[in-house]
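A.B. asks: File coords_28.pdb below, PDB, C-alpha atoms:
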ATOM      1  CA  MET A   1      93.061 101.330 100.215  1.00  0.00           C
ATOM      2  CA  LYS A   2      92.472 100.588  96.547  1.00  0.00           C
ATOM      3  CA  CYS A   3      95.748  99.883  94.784  1.00  0.00           C
ATOM      4  CA  PRO A   4      96.237 102.476  91.997  1.00  0.00           C
ATOM      5  CA  HIS A   5      98.087  99.848  89.966  1.00  0.00           C
ATOM      6  CA  CYS A   6      95.690  96.880  89.944  1.00  0.00           C
ATOM      7  CA  GLY A   7      92.492  98.416  91.390  1.00  0.00           C
ATOM      8  CA  VAL A   8      92.179  95.753  94.115  1.00  0.00           C
ATOM      9  CA  THR A   9      91.311  96.863  97.663  1.00  0.00           C
ATOM     10  CA  VAL A  10      94.198  95.802  99.886  1.00  0.00           C
ATOM     11  CA  HIS A  11      95.684  96.409 103.330  1.00  0.00           C
ATOM     12  CA  TYR A  12      99.391  96.814 103.907  1.00  0.00           C
ATOM     13  CA  ARG A  13     101.718  98.520 106.354  1.00  0.00           C
ATOM     14  CA  ALA A  14     103.370 101.563 104.790  1.00  0.00           C
ATOM     15  CA  GLU A  15     106.926 102.528 105.649  1.00  0.00           C
ATOM     16  CA  ALA A  16     107.796 106.195 106.212  1.00  0.00           C
ATOM     17  CA  VAL A  17     110.899 107.929 104.906  1.00  0.00           C
ATOM     18  CA  ALA A  18     111.682 111.458 106.145  1.00  0.00           C
ATOM     19  CA  ILE A  19     112.626 113.860 103.336  1.00  0.00           C
ATOM     20  CA  GLY A  20     113.145 117.171 105.137  1.00  0.00           C
ATOM     21  CA  GLU A  21     111.281 120.239 106.305  1.00  0.00           C
ATOM     22  CA  ASP A  22     110.707 123.859 105.322  1.00  0.00           C
ATOM     23  CA  VAL A  23     108.217 126.647 106.124  1.00  0.00           C
ATOM     24  CA  THR A  24     105.312 124.503 104.875  1.00  0.00           C
ATOM     25  CA  GLY A  25     106.062 121.680 107.300  1.00  0.00           C
ATOM     26  CA  SER A  26     107.856 118.357 107.265  1.00  0.00           C
ATOM     27  CA  ASP A  27     107.828 116.129 104.192  1.00  0.00           C
ATOM     28  CA  MET A  28     107.727 112.340 104.291  1.00  0.00           C
ATOM     29  CA  VAL A  29     107.188 109.614 101.747  1.00  0.00           C
ATOM     30  CA  TYR A  30     104.973 106.697 102.746  1.00  0.00           C
ATOM     31  CA  TRP A  31     105.488 103.643 100.583  1.00  0.00           C
ATOM     32  CA  GLY A  32     104.449 100.018 100.538  1.00  0.00           C
ATOM     33  CA  ARG A  33     104.106  97.069  98.209  1.00  0.00           C
ATOM     34  CA  CYS A  34     100.650  95.974  97.084  1.00  0.00           C
ATOM     35  CA  PRO A  35     100.175  92.387  98.319  1.00  0.00           C
ATOM     36  CA  HIS A  36      98.093  91.595  95.232  1.00  0.00           C
ATOM     37  CA  CYS A  37     100.145  92.910  92.281  1.00  0.00           C
ATOM     38  CA  GLU A  38     103.395  93.374  94.283  1.00  0.00           C
ATOM     39  CA  LEU A  39     103.993  96.845  92.804  1.00  0.00           C
ATOM     40  CA  ILE A  40     105.111  99.774  94.955  1.00  0.00           C
ATOM     41  CA  VAL A  41     102.696 102.561  95.904  1.00  0.00           C
ATOM     42  CA  ALA A  42     104.077 105.799  97.379  1.00  0.00           C
ATOM     43  CA  HIS A  43     102.493 108.985  98.732  1.00  0.00           C
ATOM     44  CA  TRP A  44     104.218 112.305  99.482  1.00  0.00           C
ATOM     45  CA  VAL A  45     102.816 113.754 102.712  1.00  0.00           C
ATOM     46  CA  THR A  46     103.436 117.182 104.237  1.00  0.00           C
ATOM     47  CA  GLY A  47     102.506 118.225 107.784  1.00  0.00           C
ATOM     48  CA  LEU A  48     103.499 118.148 111.429  1.00  0.00           C
ATOM     49  CA  VAL A  49     105.670 115.204 112.395  1.00  0.00           C
ATOM     50  CA  GLY A  50     105.421 113.170 115.588  1.00  0.00           C
ATOM     51  CA  VAL A  51     106.372 109.749 116.886  1.00  0.00           C
ATOM     52  CA  GLU A  52     104.014 106.761 116.953  1.00  0.00           C
ATOM     53  CA  GLY A  53     105.119 103.245 117.785  1.00  0.00           C
ATOM     54  CA  GLY A  54     108.729 104.343 117.786  1.00  0.00           C
ATOM     55  CA  GLN A  55     108.502 105.685 114.219  1.00  0.00           C
ATOM     56  CA  LEU A  56     108.335 109.179 112.779  1.00  0.00           C
ATOM     57  CA  VAL A  57     104.917 109.853 111.240  1.00  0.00           C
ATOM     58  CA  VAL A  58     103.006 112.873 109.949  1.00  0.00           C
ATOM     59  CA  THR A  59     100.472 113.374 112.734  1.00  0.00           C
ATOM     60  CA  GLU A  60      98.721 116.409 111.222  1.00  0.00           C
ATOM     61  CA  PRO A  61      98.918 116.180 107.412  1.00  0.00           C
ATOM     62  CA  THR A  62      98.285 119.320 105.390  1.00  0.00           C
ATOM     63  CA  SER A  63      98.693 117.692 101.981  1.00  0.00           C
ATOM     64  CA  LYS A  64      99.010 114.235 100.490  1.00  0.00           C
ATOM     65  CA  ARG A  65      99.591 113.228  96.881  1.00  0.00           C
ATOM     66  CA  LEU A  66     100.249 110.036  95.033  1.00  0.00           C
ATOM     67  CA  VAL A  67     103.746 109.950  93.522  1.00  0.00           C
ATOM     68  CA  LEU A  68     103.998 106.299  92.479  1.00  0.00           C
ATOM     69  CA  PRO A  69     102.382 105.441  90.172  1.00  0.00           C
ATOM     70  CA  PRO A  70     102.449 109.026  88.780  1.00  0.00           C
ATOM     71  CA  THR A  71      98.737 108.917  87.934  1.00  0.00           C
ATOM     72  CA  ALA A  72      96.072 106.649  89.331  1.00  0.00           C
ATOM     73  CA  ASP A  73      94.602 104.241  86.809  1.00  0.00           C
ATOM     74  CA  ARG A  74      91.074 103.712  88.107  1.00  0.00           C
ATOM     75  CA  PRO A  75      89.035 101.877  85.465  1.00  0.00           C
ATOM     76  CA  VAL A  76      85.363 102.736  85.093  1.00  0.00           C
ATOM     77  CA  PRO A  77      82.908  99.866  84.475  1.00  0.00           C
ATOM     78  CA  PRO A  78      81.470 100.027  80.934  1.00  0.00           C
ATOM     79  CA  GLU A  79      77.920 100.032  82.363  1.00  0.00           C
ATOM     80  CA  VAL A  80      78.409 103.539  83.848  1.00  0.00           C
ATOM     81  CA  PRO A  81      76.906 106.400  81.744  1.00  0.00           C
ATOM     82  CA  ASN A  82      79.518 108.292  79.737  1.00  0.00           C
ATOM     83  CA  ASN A  83      78.974 111.708  81.325  1.00  0.00           C
ATOM     84  CA  VAL A  84      79.402 110.266  84.821  1.00  0.00           C
ATOM     85  CA  ALA A  85      82.400 108.174  83.746  1.00  0.00           C
ATOM     86  CA  ASP A  86      84.108 111.219  82.215  1.00  0.00           C
ATOM     87  CA  ASP A  87      83.823 113.199  85.474  1.00  0.00           C
ATOM     88  CA  TYR A  88      85.130 110.223  87.441  1.00  0.00           C
ATOM     89  CA  ARG A  89      88.171 109.803  85.193  1.00  0.00           C
ATOM     90  CA  GLU A  90      88.966 113.507  85.428  1.00  0.00           C
ATOM     91  CA  ALA A  91      88.699 113.424  89.227  1.00  0.00           C
ATOM     92  CA  ALA A  92      91.002 110.378  89.335  1.00  0.00           C
ATOM     93  CA  LEU A  93      93.589 111.960  87.037  1.00  0.00           C
ATOM     94  CA  THR A  94      93.708 115.162  89.075  1.00  0.00           C
ATOM     95  CA  LEU A  95      93.884 113.414  92.450  1.00  0.00           C
ATOM     96  CA  SER A  96      97.675 113.449  92.760  1.00  0.00           C
ATOM     97  CA  LEU A  97      98.077 116.919  91.244  1.00  0.00           C
ATOM     98  CA  SER A  98      95.290 118.779  93.054  1.00  0.00           C
ATOM     99  CA  PRO A  99      93.137 117.042  95.685  1.00  0.00           C
ATOM    100  CA  LYS A 100      91.017 120.213  95.846  1.00  0.00           C
ATOM    101  CA  ALA A 101      90.136 120.027  92.162  1.00  0.00           C
ATOM    102  CA  SER A 102      89.656 116.257  92.328  1.00  0.00           C
ATOM    103  CA  ALA A 103      87.234 116.578  95.264  1.00  0.00           C
ATOM    104  CA  ALA A 104      85.229 119.252  93.446  1.00  0.00           C
ATOM    105  CA  ILE A 105      84.915 117.111  90.322  1.00  0.00           C
ATOM    106  CA  SER A 106      84.038 113.958  92.263  1.00  0.00           C
ATOM    107  CA  ARG A 107      81.326 115.848  94.198  1.00  0.00           C
ATOM    108  CA  ARG A 108      79.853 116.964  90.875  1.00  0.00           C
ATOM    109  CA  CYS A 109      80.110 113.373  89.636  1.00  0.00           C
ATOM    110  CA  LEU A 110      78.291 112.128  92.746  1.00  0.00           C
ATOM    111  CA  GLN A 111      75.515 114.678  92.280  1.00  0.00           C
ATOM    112  CA  ASN A 112      75.059 113.830  88.590  1.00  0.00           C
ATOM    113  CA  LEU A 113      75.016 110.132  89.458  1.00  0.00           C
ATOM    114  CA  ILE A 114      72.291 110.606  92.074  1.00  0.00           C
ATOM    115  CA  ARG A 115      70.194 112.792  89.782  1.00  0.00           C
ATOM    116  CA  GLN A 116      70.352 110.292  86.931  1.00  0.00           C
ATOM    117  CA  LYS A 117      69.341 107.482  89.280  1.00  0.00           C
ATOM    118  CA  THR A 118      66.451 109.307  90.945  1.00  0.00           C
ATOM    119  CA  GLY A 119      65.378 111.681  88.169  1.00  0.00           C
ATOM    120  CA  GLU A 120      65.106 114.428  90.789  1.00  0.00           C
ATOM    121  CA  LYS A 121      67.042 117.608  91.520  1.00  0.00           C
ATOM    122  CA  LYS A 122      67.165 118.879  95.089  1.00  0.00           C
ATOM    123  CA  PRO A 123      68.553 122.212  96.346  1.00  0.00           C
ATOM    124  CA  THR A 124      71.675 120.701  97.931  1.00  0.00           C
ATOM    125  CA  LEU A 125      73.912 117.675  97.571  1.00  0.00           C
ATOM    126  CA  GLU A 126      73.340 116.870 101.239  1.00  0.00           C
ATOM    127  CA  MET A 127      69.581 116.636 100.618  1.00  0.00           C
ATOM    128  CA  GLU A 128      70.182 114.420  97.593  1.00  0.00           C
ATOM    129  CA  ILE A 129      72.365 112.076  99.650  1.00  0.00           C
ATOM    130  CA  ASP A 130      69.692 111.963 102.362  1.00  0.00           C
ATOM    131  CA  GLY A 131      67.086 111.218  99.701  1.00  0.00           C
ATOM    132  CA  ILE A 132      68.752 108.096  98.318  1.00  0.00           C
ATOM    133  CA  ILE A 133      69.502 106.833 101.821  1.00  0.00           C
ATOM    134  CA  GLU A 134      65.894 107.340 102.975  1.00  0.00           C
ATOM    135  CA  ALA A 135      64.614 105.655  99.800  1.00  0.00           C
ATOM    136  CA  LYS A 136      67.014 102.767 100.485  1.00  0.00           C
ATOM    137  CA  LEU A 137      68.545 103.050  97.034  1.00  0.00           C
ATOM    138  CA  VAL A 138      71.924 102.046  98.464  1.00  0.00           C
ATOM    139  CA  SER A 139      73.023  99.271 100.805  1.00  0.00           C
ATOM    140  CA  SER A 140      73.433  99.981 104.507  1.00  0.00           C
ATOM    141  CA  THR A 141      77.210  99.749 104.112  1.00  0.00           C
ATOM    142  CA  LEU A 142      77.256 102.339 101.343  1.00  0.00           C
ATOM    143  CA  ALA A 143      74.799 104.509 103.268  1.00  0.00           C
ATOM    144  CA  ASP A 144      77.229 104.626 106.198  1.00  0.00           C
ATOM    145  CA  GLN A 145      80.024 105.614 103.822  1.00  0.00           C
ATOM    146  CA  LEU A 146      77.910 108.363 102.283  1.00  0.00           C
ATOM    147  CA  HIS A 147      77.264 109.741 105.762  1.00  0.00           C
ATOM    148  CA  ALA A 148      81.028 109.748 106.264  1.00  0.00           C
ATOM    149  CA  VAL A 149      81.501 111.646 102.989  1.00  0.00           C
ATOM    150  CA  ARG A 150      79.217 114.361 104.330  1.00  0.00           C
ATOM    151  CA  GLN A 151      81.245 114.579 107.529  1.00  0.00           C
ATOM    152  CA  ILE A 152      84.600 114.570 105.746  1.00  0.00           C
ATOM    153  CA  GLY A 153      83.252 117.089 103.256  1.00  0.00           C
ATOM    154  CA  ASN A 154      82.399 119.312 106.207  1.00  0.00           C
ATOM    155  CA  PHE A 155      79.267 120.744 104.593  1.00  0.00           C
ATOM    156  CA  ALA A 156      78.401 122.606 107.795  1.00  0.00           C
ATOM    157  CA  ALA A 157      81.672 124.554 107.800  1.00  0.00           C
ATOM    158  CA  HIS A 158      81.680 125.011 104.010  1.00  0.00           C
ATOM    159  CA  PRO A 159      78.064 125.396 102.816  1.00  0.00           C
ATOM    160  CA  THR A 160      79.323 126.166  99.313  1.00  0.00           C
ATOM    161  CA  LYS A 161      80.480 122.556  99.020  1.00  0.00           C
ATOM    162  CA  ASP A 162      76.882 121.525  99.390  1.00  0.00           C
ATOM    163  CA  THR A 163      75.209 124.090  97.135  1.00  0.00           C
ATOM    164  CA  ASP A 164      77.938 124.448  94.505  1.00  0.00           C
ATOM    165  CA  THR A 165      79.547 121.047  94.097  1.00  0.00           C
ATOM    166  CA  GLY A 166      82.046 122.265  91.511  1.00  0.00           C
ATOM    167  CA  SER A 167      83.722 124.844  93.742  1.00  0.00           C
ATOM    168  CA  ILE A 168      87.466 124.537  94.375  1.00  0.00           C
ATOM    169  CA  LEU A 169      87.693 124.600  98.171  1.00  0.00           C
ATOM    170  CA  ASP A 170      90.023 123.237 100.827  1.00  0.00           C
ATOM    171  CA  VAL A 171      89.603 119.528 101.500  1.00  0.00           C
ATOM    172  CA  GLU A 172      90.351 117.443 104.527  1.00  0.00           C
ATOM    173  CA  PRO A 173      93.172 114.872 104.201  1.00  0.00           C
ATOM    174  CA  GLY A 174      91.860 111.855 102.314  1.00  0.00           C
ATOM    175  CA  GLU A 175      88.563 113.478 101.297  1.00  0.00           C
ATOM    176  CA  ALA A 176      89.269 113.448  97.557  1.00  0.00           C
ATOM    177  CA  GLU A 177      90.302 109.783  97.500  1.00  0.00           C
ATOM    178  CA  TRP A 178      87.405 108.829  99.769  1.00  0.00           C
ATOM    179  CA  ASN A 179      84.959 110.429  97.323  1.00  0.00           C
ATOM    180  CA  LEU A 180      86.302 108.254  94.513  1.00  0.00           C
ATOM    181  CA  GLU A 181      86.021 105.120  96.624  1.00  0.00           C
ATOM    182  CA  ILE A 182      82.386 105.947  97.375  1.00  0.00           C
ATOM    183  CA  LEU A 183      81.738 106.366  93.658  1.00  0.00           C
ATOM    184  CA  ASP A 184      83.370 102.960  93.051  1.00  0.00           C
ATOM    185  CA  GLY A 185      80.860 101.400  95.440  1.00  0.00           C
ATOM    186  CA  MET A 186      77.911 103.166  93.850  1.00  0.00           C
ATOM    187  CA  PHE A 187      78.992 102.121  90.352  1.00  0.00           C
ATOM    188  CA  ASP A 188      79.075  98.514  91.540  1.00  0.00           C
ATOM    189  CA  GLU A 189      75.685  98.611  93.268  1.00  0.00           C
ATOM    190  CA  TRP A 190      73.794 100.649  90.695  1.00  0.00           C
ATOM    191  CA  TYR A 191      75.263  99.415  87.428  1.00  0.00           C
ATOM    192  CA  VAL A 192      77.631  96.442  87.614  1.00  0.00           C
ATOM    193  CA  GLN A 193      75.661  94.073  89.860  1.00  0.00           C
ATOM    194  CA  PRO A 194      72.277  94.700  88.143  1.00  0.00           C
ATOM    195  CA  ALA A 195      73.929  94.074  84.748  1.00  0.00           C
ATOM    196  CA  LYS A 196      75.405  90.812  86.011  1.00  0.00           C
ATOM    197  CA  ALA A 197      72.048  89.730  87.449  1.00  0.00           C
ATOM    198  CA  LEU A 198      70.312  90.503  84.151  1.00  0.00           C
ATOM    199  CA  ALA A 199      72.930  88.543  82.208  1.00  0.00           C
ATOM    200  CA  ARG A 200      72.472  85.552  84.526  1.00  0.00           C
ATOM    201  CA  ARG A 201      68.693  85.711  84.127  1.00  0.00           C
ATOM    202  CA  ASP A 202      68.957  85.938  80.330  1.00  0.00           C
ATOM    203  CA  ALA A 203      71.291  82.946  80.273  1.00  0.00           C
ATOM    204  CA  MET A 204      68.904  80.949  82.452  1.00  0.00           C
ATOM    205  CA  ASN A 205      65.903  81.914  80.295  1.00  0.00           C
ATOM    206  CA  GLU A 206      67.762  80.765  77.204  1.00  0.00           C
ATOM    207  CA  LYS A 207      68.339  77.355  78.788  1.00  0.00           C
ATOM    208  CA  LEU A 208      64.705  77.134  79.926  1.00  0.00           C
ATOM    209  CA  THR A 209      63.454  78.056  76.463  1.00  0.00           C
ATOM    210  CA  LYS A 210      65.592  75.364  74.853  1.00  0.00           C
ATOM    211  CA  ALA A 211      64.239  72.857  77.378  1.00  0.00           C
ATOM    212  CA  GLY A 212      60.655  73.899  76.607  1.00  0.00           C
ATOM    213  CA  LYS A 213      60.073  75.290  80.091  1.00  0.00           C
ATOM    214  CA  PRO A 214      58.567  78.634  81.222  1.00  0.00           C
ATOM    215  CA  THR A 215      61.048  81.467  81.558  1.00  0.00           C
ATOM    216  CA  ILE A 216      61.603  83.442  84.755  1.00  0.00           C
TER     217      ILE A 216
END
Transcribe the structure of this file into structure tokens.

C.D. replies:
Amino acid sequence: MKCPHCGVTVHYRAEAVAIGEDVTGSDMVYWGRCPHCELIVAHWVTGLVGVEGGQLVVTEPTSKRLVLPPTADRPVPPEVPNNVADDYREAALTLSLSPKASAAISRRCLQNLIRQKTGEKKPTLEMEIDGIIEAKLVSSTLADQLHAVRQIGNFAAHPTKDTDTGSILDVEPGEAEWNLEILDGMFDEWYVQPAKALARRDAMNEKLTKAGKPTI
């Protein structure tokens, strides 16, 4: 997962603490310490509880929200267009309060991002995702993740998710956060890395010019 404190992708084993249960299900807090910044991250999870590896776990989660830190601080690279960045920030801020709203905003952000990159508008978000994959506008790794977004988004069961990206609909556990992680990858591939490559080329051309050699 990406640490909401430092923004670094890390792996750690979360510990579960049972809180109690009511008519909505059992509540547990999963917490762990980020191995990079050493700050604690905690999620409140509700659902059906079972036993795995000798520990109580939520086997069928119905809701999950970030409780520590209270809001996720997910910085947006300065190279990302403002309208896309604004949607991303809003989706990140609403993640812990309403995963449904966050997922709707991040789907709209994804669609706007694709349309700005391709200059085309297609009838559905699914078709737009297929279009950038077929045109090889994303890496194979990101393409696989985009396919997963479609599956998690369950477009077949909820066609409105595909045709009206801003709709507030039920989301599968982890869908909202997964959408943001996909956007992180697309920001890096489409904006950050090209900007870095251009800066490196400009720096090299400056050196070549000073040396009286042809630029690249």

A.B. asks: Could you tell me which of A:Lys100, A:Pro78, A:Ile133, A:Met127 comes closest to Asp188 of chain A if we count only C-alpha atoms?

C.D. replies: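 Checking each candidate against Asp188 of chain A, we get A:Pro78 as the closest.
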
A.B. asks: Which polymer residues have any atom within 10 Å of an atom of Pro81 of chain A, counting only C-alpha atoms, with same-chain residues fewer than 2 positions away left out, as a list in words?

C.D. replies: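 Once the adjacent positions are removed, what remains is Val76, Pro77, Pro78, Glu79, Asn83, Val84, Ala85, Asp86, Leu113, Gln116, Phe187 and Tyr191 of chain A.
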
A.B. asks: Could you list, as a PDB file with C-alpha atoms, keeping the file's coordinate frame, every residue within 12 Å of Gly131 of chain A, counting all atoms listed in the file and ignoring same-chain residues fewer than 2 positions away?

C.D. replies:
ATOM      1  CA  GLN A 111      75.515 114.678  92.280  1.00  0.00           C
ATOM      2  CA  ILE A 114      72.291 110.606  92.074  1.00  0.00           C
ATOM      3  CA  ARG A 115      70.194 112.792  89.782  1.00  0.00           C
ATOM      4  CA  LYS A 117      69.341 107.482  89.280  1.00  0.00           C
ATOM      5  CA  THR A 118      66.451 109.307  90.945  1.00  0.00           C
ATOM      6  CA  GLY A 119      65.378 111.681  88.169  1.00  0.00           C
ATOM      7  CA  GLU A 120      65.106 114.428  90.789  1.00  0.00           C
ATOM      8  CA  LYS A 121      67.042 117.608  91.520  1.00  0.00           C
ATOM      9  CA  LYS A 122      67.165 118.879  95.089  1.00  0.00           C
ATOM     10  CA  PRO A 123      68.553 122.212  96.346  1.00  0.00           C
ATOM     11  CA  THR A 124      71.675 120.701  97.931  1.00  0.00           C
ATOM     12  CA  LEU A 125      73.912 117.675  97.571  1.00  0.00           C
ATOM     13  CA  GLU A 126      73.340 116.870 101.239  1.00  0.00           C
ATOM     14  CA  MET A 127      69.581 116.636 100.618  1.00  0.00           C
ATOM     15  CA  GLU A 128      70.182 114.420  97.593  1.00  0.00           C
ATOM     16  CA  ILE A 129      72.365 112.076  99.650  1.00  0.00           C
ATOM     17  CA  ILE A 133      69.502 106.833 101.821  1.00  0.00           C
ATOM     18  CA  GLU A 134      65.894 107.340 102.975  1.00  0.00           C
ATOM     19  CA  ALA A 135      64.614 105.655  99.800  1.00  0.00           C
ATOM     20  CA  LYS A 136      67.014 102.767 100.485  1.00  0.00           C
ATOM     21  CA  LEU A 137      68.545 103.050  97.034  1.00  0.00           C
ATOM     22  CA  VAL A 138      71.924 102.046  98.464  1.00  0.00           C
ATOM     23  CA  ALA A 143      74.799 104.509 103.268  1.00  0.00           C
ATOM     24  CA  LEU A 146      77.910 108.363 102.283  1.00  0.00           C
ATOM     25  CA  HIS A 147      77.264 109.741 105.762  1.00  0.00           C
TER      26      HIS A 147
END

A.B. asks: In Å, rounded to a single decimal, give me how far atom CA of Asp87 of chain A is from atom CA of Leu66 of chain A.

C.D. replies: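 Computed distance, atom CA of Leu66 of chain A to atom CA of Asp87 of chain A, equals 19.3 Å.
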
A.B. asks: Counting only C-alpha atoms, what is within 9 Å of Thr24 of chain A, bar same-chain residues fewer than 2 positions away, as an MDAnalysis selection string?

C.D. replies: chainID A and resid 21:22 26:27 46:47 62

A.B. asks: Would you put the residues from that selection into a file with C-alpha atoms, as a PDB file, keeping the file's coordinate frame?

C.D. replies:
ATOM      1  CA  GLU A  21     111.281 120.239 106.305  1.00  0.00           C
ATOM      2  CA  ASP A  22     110.707 123.859 105.322  1.00  0.00           C
ATOM      3  CA  SER A  26     107.856 118.357 107.265  1.00  0.00           C
ATOM      4  CA  ASP A  27     107.828 116.129 104.192  1.00  0.00           C
ATOM      5  CA  THR A  46     103.436 117.182 104.237  1.00  0.00           C
ATOM      6  CA  GLY A  47     102.506 118.225 107.784  1.00  0.00           C
ATOM      7  CA  THR A  62      98.285 119.320 105.390  1.00  0.00           C
TER       8      THR A  62
END

A.B. asks: Please determine, counting only C-alpha atoms, which residue among A:Glu175, A:Glu181, A:Glu52, A:Glu189 has the shortest atom-to-atom distance to Met1 of chain A.

C.D. replies: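 Selected residue with least distance to Met1 of chain A: A:Glu181.
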
A.B. asks: So how far away is atom CA of Gly185 of chain A from atom CA of Asn205 of chain A, in Å?

C.D. replies: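 Atom CA of Gly185 of chain A lies 28.9 Å from atom CA of Asn205 of chain A.
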
A.B. asks: Contacts of Leu183 of chain A at 9 Å or less, counting all atoms listed in the file, minus same-chain residues fewer than 5 places along, as a list in words?

C.D. replies: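 What passes the distance filter is Tyr88, Ser106, Cys109, Leu110, Leu113, Trp178 and Asp188 of chain A.
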
A.B. asks: Atom CA of Val41 of chain A and atom CA of Arg65 of chain A, how far apart in Å?

C.D. replies: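 Value for the atom CA of Arg65 of chain A-atom CA of Val41 of chain A distance: 11.2 Å.
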
A.B. asks: Would you mind telling me which residue in A:Pro194, A:Pro61, A:Gly32, A:Pro4 lies nearest to Ala16 of chain A when using all atoms listed in the file?

C.D. replies: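 Nearest candidate to Ala16 of chain A out of A:Pro194, A:Pro61, A:Gly32, A:Pro4: A:Gly32.
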
A.B. asks: As a check of understanding, name the residues that the PyMOL selection byres ((chain A and resi 30) around 6) selects in the supplied structure, as a PyMOL selection string.

C.D. replies: chain A and resi 14-16+29+31+42-43

A.B. asks: Which residues fall under the PyMOL selection byres ((chain A and resi 12) around 8) in this file, as a PDB file with C-alpha atoms, in the coordinates of the input?

C.D. replies:
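Printed below is selection-v8.pdb as written:
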ATOM      1  CA  VAL A  10      94.198  95.802  99.886  1.00  0.00           C
ATOM      2  CA  HIS A  11      95.684  96.409 103.330  1.00  0.00           C
ATOM      3  CA  ARG A  13     101.718  98.520 106.354  1.00  0.00           C
ATOM      4  CA  ALA A  14     103.370 101.563 104.790  1.00  0.00           C
ATOM      5  CA  GLY A  32     104.449 100.018 100.538  1.00  0.00           C
ATOM      6  CA  ARG A  33     104.106  97.069  98.209  1.00  0.00           C
ATOM      7  CA  CYS A  34     100.650  95.974  97.084  1.00  0.00           C
ATOM      8  CA  PRO A  35     100.175  92.387  98.319  1.00  0.00           C
TER       9      PRO A  35
END

A.B. asks: What are the centre and edge lengths in Å, to one decimal, of the axis-aligned box around all listed atoms of segment 177-187 of chain A with 6 Å added on each side, as AutoDock Vina command-line options?

C.D. replies:
--center_x 84.1 --center_y 105.9 --center_z 95.1 --size_x 24.4 --size_y 21.0 --size_z 21.4

A.B. asks: Once the PyMOL selection byres ((chain A and resi 177) around 12) has been applied to the shown file, what residues remain in the selection, as a ChimeraX atom specification?

C.D. replies: /A:1-4,64-66,72,74,88,91-96,98-107,149,152-153,171-176,178-184

A.B. asks: May I have the residues from that selection written out with C-alpha atoms, as a tab-separated table (two decimals), in the coordinates of the input?

C.D. replies:
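Saved file part18.tsv follows:
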chain	number	residue	atom	x	y	z
A	1	MET	CA	93.06	101.33	100.22
A	2	LYS	CA	92.47	100.59	96.55
A	3	CYS	CA	95.75	99.88	94.78
A	4	PRO	CA	96.24	102.48	92.00
A	64	LYS	CA	99.01	114.24	100.49
A	65	ARG	CA	99.59	113.23	96.88
A	66	LEU	CA	100.25	110.04	95.03
A	72	ALA	CA	96.07	106.65	89.33
A	74	ARG	CA	91.07	103.71	88.11
A	88	TYR	CA	85.13	110.22	87.44
A	91	ALA	CA	88.70	113.42	89.23
A	92	ALA	CA	91.00	110.38	89.34
A	93	LEU	CA	93.59	111.96	87.04
A	94	THR	CA	93.71	115.16	89.08
A	95	LEU	CA	93.88	113.41	92.45
A	96	SER	CA	97.68	113.45	92.76
A	98	SER	CA	95.29	118.78	93.05
A	99	PRO	CA	93.14	117.04	95.68
A	100	LYS	CA	91.02	120.21	95.85
A	101	ALA	CA	90.14	120.03	92.16
A	102	SER	CA	89.66	116.26	92.33
A	103	ALA	CA	87.23	116.58	95.26
A	104	ALA	CA	85.23	119.25	93.45
A	105	ILE	CA	84.92	117.11	90.32
A	106	SER	CA	84.04	113.96	92.26
A	107	ARG	CA	81.33	115.85	94.20
A	149	VAL	CA	81.50	111.65	102.99
A	152	ILE	CA	84.60	114.57	105.75
A	153	GLY	CA	83.25	117.09	103.26
A	171	VAL	CA	89.60	119.53	101.50
A	172	GLU	CA	90.35	117.44	104.53
A	173	PRO	CA	93.17	114.87	104.20
A	174	GLY	CA	91.86	111.86	102.31
A	175	GLU	CA	88.56	113.48	101.30
A	176	ALA	CA	89.27	113.45	97.56
A	178	TRP	CA	87.40	108.83	99.77
A	179	ASN	CA	84.96	110.43	97.32
A	180	LEU	CA	86.30	108.25	94.51
A	181	GLU	CA	86.02	105.12	96.62
A	182	ILE	CA	82.39	105.95	97.38
A	183	LEU	CA	81.74	106.37	93.66
A	184	ASP	CA	83.37	102.96	93.05
